[in-house]
Every structure is written in structure tokens, then in C-alpha cells.
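J.: Please find one structure pasted underneath; my questions will follow.
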Amino acid sequence: MSTIETKPDGLIDRRTFVDHLVANRGDDLCIVAGLGSPCYDLKAAGDHPLNFYLYGAMGGAVPMAMGLAAAQPEKRVMALTGDGEVLMGLTGLAAAGAEGLENLIVVVLDNERYGETGQQTTHTARGVNLAQTAIGLGYRAVRDIKTPDEAAELHDWIKTVQGPACAVVKISAEAAGMALPPQDGVYLKHRFRERLLGVQPR
Amino acid sequence: MTDQAQADAWRDAIFDAFQDAGIAQVAYVPDAGHKRLIERTHAANGMRAMSVATEEDAVACLAGAWLGGQKGALLMQSSGVGNTINMLSLAKTCQFPLPMFITMRGEWGEFNSWQMQMGETSQAHLELSGVKCYRCETPEDVAETVRVAIDQAYNGNCQTAVLLAQKLVGTKKFSDGGLGDNKK
């Protein structure tokens, strides 16, 4: 398990944070990653059959994780996403809050930027607070994370917290580079279902 | 059969088809035409009604359901078709099975001119997005069409839609000084 580092701007380094978050995860945790950097961070931490990476469908990570969590109440299900994706899919964040699933965790990597399109600022750079939003949307447990020490607690928190839970982690806007997971959605689907359910493609 | 009994019967046929197919998650944005079906889904054992605020979230939710081993179905009205378009790329690209049941507005006897645009273009939008569409015009069409749409989606890992015609569903009535009188 790596130490969570900070960047020169004093903010959390996304790559070492995600690596720490999912270290020694096992098969009890299923992860849906939102498009762009959250996918790269998760891939860099180690590919896993129970990772489902979105390369598009912006706004879909949280509602997809919601459907998965409802289908698999014995598993922990995490949506790992960014501020830009959550802002496009606020309705999905609301639906998942309202659905009240105890095994659903949303982790938002909030760099206040659209990283894929040229680092334009998002609403979170202009006063929108996603942790406060999650409280208002009915999440039972909400963490507003700003330091590496706070971030380190999330490793155990995601295994035990009663959801729906949401952690908003302020991270450095410094890009971490691409670590590309498989892009073939049919392959990702089949390997996920084979690992989770033991079913073969038909 | 009375009009009311006939109106209930084809909606109950959809519910029966869901149960027979093992549909476990029904994601929906409400429509008056689906009111009875939504209520029966909420009351059913072994079936979870997932309320979403926009139709694209239902598409993503049901992809997650299938990833987790559960079959789903989507209920919405034609005005919501436009909301699904980008999220349908998730279903299409990953070949997630997705049967959709869409009550039509903007056609037979429509009072509200703002419903015309999506009502008239829903099928074309869906077909451009790769969704196989079937229309139901009469109560007798419904049961078999619903079963075909579910089976095709889950046997073929594809997206299907049943468009329930406004002539079948009933026309929403508007009046000044009162609530709309929805024909069920």
C-alpha cells in the first residue's frame, strides 16, 4: 500500500490516493469508474475483473453502480468518478441517494477541472460543494476530504460504512498521465459477470 | 369487458410478462399511462421499482443491474426518449440487454402541442441509436409484443422498445380550472 502524496500545490495526488484506496481489495468490492482520469487511476492501481471502466456515457457511473448495488446487496459497490462526471449526472447522484442502498459508495475525485478537454474549471471551482450536495441528496455518510491523513481513512471506511455513502476528495489538478484500461465494453462486461456470477458469455 | 377492465388487462399483461421473464429491476420515470404498472411493480415481491429523475439514469441503472446478474426493464414516455440518447451508447457499445416500454404522446388526440416533437420523432431517434422498435396499437397486441421485446433483448444482448400508441394508452385531457382527467 503506497503512501498518499501531495503535489506541489499542497493538494492530494490522485494516483497514490486511488492506489491506497483499493489496495488489497479482494472480490468483495465492485467498482464502476467514470470516464477519463478515474479510469486511468483505477487501472494504474491494478486492473481487476470487478472493475468496469466507462469510456463514455458521461454521468453514468453512479446510476450504473446503483443498479449493480441493488442486484448485489452482499457486495460493496463503489462508483469512482470525478467532479465533471457527477455534475453532468446530478440526477443519478440524487437517485442513488434516494434509493438508500447500504452497500453503495460514491467516491468523487474533485480536481475542479475537466481534465480530458483542456483543464477548464468545473462548477466546484466556483462555489459548488459536492459534499454538501450529497448531504442534501440523502446520503447517510458523507466525507469532505482535503488532507492525505483524512484520505487514508477511506481505505477502511469504504469497507464498513453504511451507505449510501459519498466521499468527496479534493485532489490536485496536476494531471497524472494516462493508464489505459481495456476499452472493449463487451469484454469488460463478460469478464465482470464471469468473475462475479460465474456465468460464461452466450 | 368494460373499458376500465380492458385498460387494466393489457397493463397487467405487461406485469405478468415481467414476472414470467424474471425481471428484477424496473427503472422508471413516471407516466400516467404506466401508473398501474408502476404501482404493481412497487408492490411486487422479488421486483424492485427504481425511481429515477431522468431516463438516461434508468439506462445506466439497468446496465448495472445486468452486470450484477439481474434482468431489468425501463418504463417511460416518449418525451423522455431524447434524454436517453447518449446513455444508449453504454447499452449499445457493451451490448447490455435493455427492453424499454414507452407510452406515446404527441399522436392520437394529443392536446399539448409541446408533446408533438418527441412523439413524432421518438421511433426514429431510437432506431438511429440501434434500438429495435415495435408498436402496439390495440390491447390484443400487447402481451405478445412485450414478451418478444424482452426475449429479444435478453437472448440477443440488444436494445428493444415497445411503443405503446397513444390511441391505446388514452389521451390526456386538459381543462381550465381543474386537474387533468387522465384516461387510464
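Just so we're on the same page: first chain in the C-alpha cells is A, next is B, and so on; residues restart at 1 for each chain, and ligands are numbered from 1 in the order they show up.
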Can you list, as a PyMOL selection string, every residue of chain A that DSSP puts in strand (DSSP E)?

T.: chain A and resi 29-33+51-53+76-82+104-110+113-114+120-121+141-145+165-170

J.: Let's see if you can do this: from backbone DSSP, list all alpha helix (DSSP H) residues in chain A, as a PyMOL selection string.

T.: chain A and resi 14-21+37-45+61-71+83-88+90-99+130-136+148-160+185-197

J.: Residues of chain B within 6 Å of chain A, counting only C-alpha atoms, what are they? List them as a PDB file with C-alpha atoms, in the first residue's frame.

T.:
```pdb
ATOM      1  CA  VAL B  52     -35.078   7.884 -11.473  1.00  0.00           C
ATOM      2  CA  ASP B  57     -30.181   7.215 -15.445  1.00  0.00           C
ATOM      3  CA  ALA B  60     -27.272   3.203 -16.763  1.00  0.00           C
ATOM      4  CA  CYS B  61     -29.040   1.628 -13.779  1.00  0.00           C
ATOM      5  CA  LEU B  62     -30.200  -1.343 -15.817  1.00  0.00           C
ATOM      6  CA  GLY B  64     -25.518  -2.096 -13.683  1.00  0.00           C
ATOM      7  CA  ALA B  65     -28.319  -4.498 -12.840  1.00  0.00           C
ATOM      8  CA  LEU B  67     -23.626  -6.571 -14.604  1.00  0.00           C
ATOM      9  CA  GLY B  68     -24.867  -7.798 -11.236  1.00  0.00           C
ATOM     10  CA  GLN B  70     -30.410  -9.115 -12.675  1.00  0.00           C
ATOM     11  CA  MET B  87     -26.544   6.841 -22.439  1.00  0.00           C
ATOM     12  CA  LEU B  90     -23.441   2.390 -22.989  1.00  0.00           C
ATOM     13  CA  CYS B  94     -21.287  -3.031 -24.307  1.00  0.00           C
TER      14      CYS B  94
END
```

J.: Give me, as a list of chain:residue names, all polymer residues having an atom no more than 7 Å from region 104-119 of chain B, counting only C-alpha atoms and skipping those fewer than 5 positions away in the same chain.

T.: B:Gln77, B:Ser78, B:Ser79, B:Leu163, B:Leu164, B:Ala165, B:Gln166, B:Lys167, B:Thr171

J.: Next, write the just-selected residues to a file, as a PDB file, in the first residue's frame, keeping N, CA and C atoms as the atom set.

T.:
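And here's part_4.pdb as it stands now:
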```
ATOM      1  N   GLN B  77     -42.140   7.676 -20.920  1.00  0.00           N
ATOM      2  CA  GLN B  77     -42.983   8.166 -22.006  1.00  0.00           C
ATOM      3  C   GLN B  77     -42.117   8.746 -23.113  1.00  0.00           C
ATOM      4  N   SER B  78     -42.727   8.967 -24.254  1.00  0.00           N
ATOM      5  CA  SER B  78     -41.964   9.351 -25.438  1.00  0.00           C
ATOM      6  C   SER B  78     -41.177  10.640 -25.242  1.00  0.00           C
ATOM      7  N   SER B  79     -41.672  11.543 -24.408  1.00  0.00           N
ATOM      8  CA  SER B  79     -40.942  12.794 -24.193  1.00  0.00           C
ATOM      9  C   SER B  79     -39.576  12.551 -23.566  1.00  0.00           C
ATOM     10  N   LEU B 163     -43.374   0.588 -28.309  1.00  0.00           N
ATOM     11  CA  LEU B 163     -44.021   1.898 -28.315  1.00  0.00           C
ATOM     12  C   LEU B 163     -45.520   1.672 -28.181  1.00  0.00           C
ATOM     13  N   LEU B 164     -46.059   2.059 -27.042  1.00  0.00           N
ATOM     14  CA  LEU B 164     -47.477   1.867 -26.751  1.00  0.00           C
ATOM     15  C   LEU B 164     -48.232   3.089 -27.265  1.00  0.00           C
ATOM     16  N   ALA B 165     -48.965   2.900 -28.361  1.00  0.00           N
ATOM     17  CA  ALA B 165     -49.564   4.027 -29.083  1.00  0.00           C
ATOM     18  C   ALA B 165     -50.521   4.824 -28.202  1.00  0.00           C
ATOM     19  N   GLN B 166     -50.604   6.105 -28.476  1.00  0.00           N
ATOM     20  CA  GLN B 166     -51.475   6.963 -27.670  1.00  0.00           C
ATOM     21  C   GLN B 166     -52.944   6.555 -27.819  1.00  0.00           C
ATOM     22  N   LYS B 167     -53.285   6.007 -28.970  1.00  0.00           N
ATOM     23  CA  LYS B 167     -54.660   5.533 -29.158  1.00  0.00           C
ATOM     24  C   LYS B 167     -54.971   4.406 -28.181  1.00  0.00           C
ATOM     25  N   THR B 171     -55.837   9.474 -24.163  1.00  0.00           N
ATOM     26  CA  THR B 171     -55.427  10.852 -24.390  1.00  0.00           C
ATOM     27  C   THR B 171     -55.620  11.667 -23.127  1.00  0.00           C
TER      28      THR B 171
END
```

J.: If you measure from CA of Val26 (chain B) to CA of Leu74 (chain B), what distance in Å do you get, rounded to one decimal?

T.: 5.8 Å

J.: Please determine, counting only C-alpha atoms, which residue among A:Asp110, A:Asp149, A:Asp156, A:Glu85 has the shortest atom-to-atom distance to Ala131 (chain A).

T.: A:Asp110

J.: Go through A:His20, A:Lys159, A:Glu5, A:Glu112 one by one, measure the shortest atom-to-atom distance of each to Glu74 (chain A) using only C-alpha atoms, and give the residue with the smallest value.

T.: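 Ranking A:His20, A:Lys159, A:Glu5, A:Glu112 by distance to Glu74 (chain A), first place goes to A:Lys159.
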
J.: Kindly indicate which residue among B:Ile102, B:Ala53, B:Met47, B:Val162 lies nearest to Gly33 (chain B), using only C-alpha atoms for the distances.

T.: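 Of the candidates, the smallest distance to Gly33 (chain B) is held by B:Ile102.
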
J.: My list of candidates is A:Gly10, A:Leu137, A:Gly198, A:Thr16. Which is closest to Gly46 (chain A) when distances are computed with only C-alpha atoms?

T.: A:Thr16

J.: Can you tell me, as a list in words, what residues are no more than 12 Å from Ser129 (chain B) when counting only C-alpha atoms, ignoring any on the same chain fewer than 4 positions away?

T.: Val81, Gly82, Thr84, Ile85, Asn86, Met87, Leu88, Ser89, Leu90, Ala91, Lys92, Thr93, Ser122, Gln123, Ala124, His125, Cys133, Cys158, Gln159, Thr160 and Ala161 of chain B
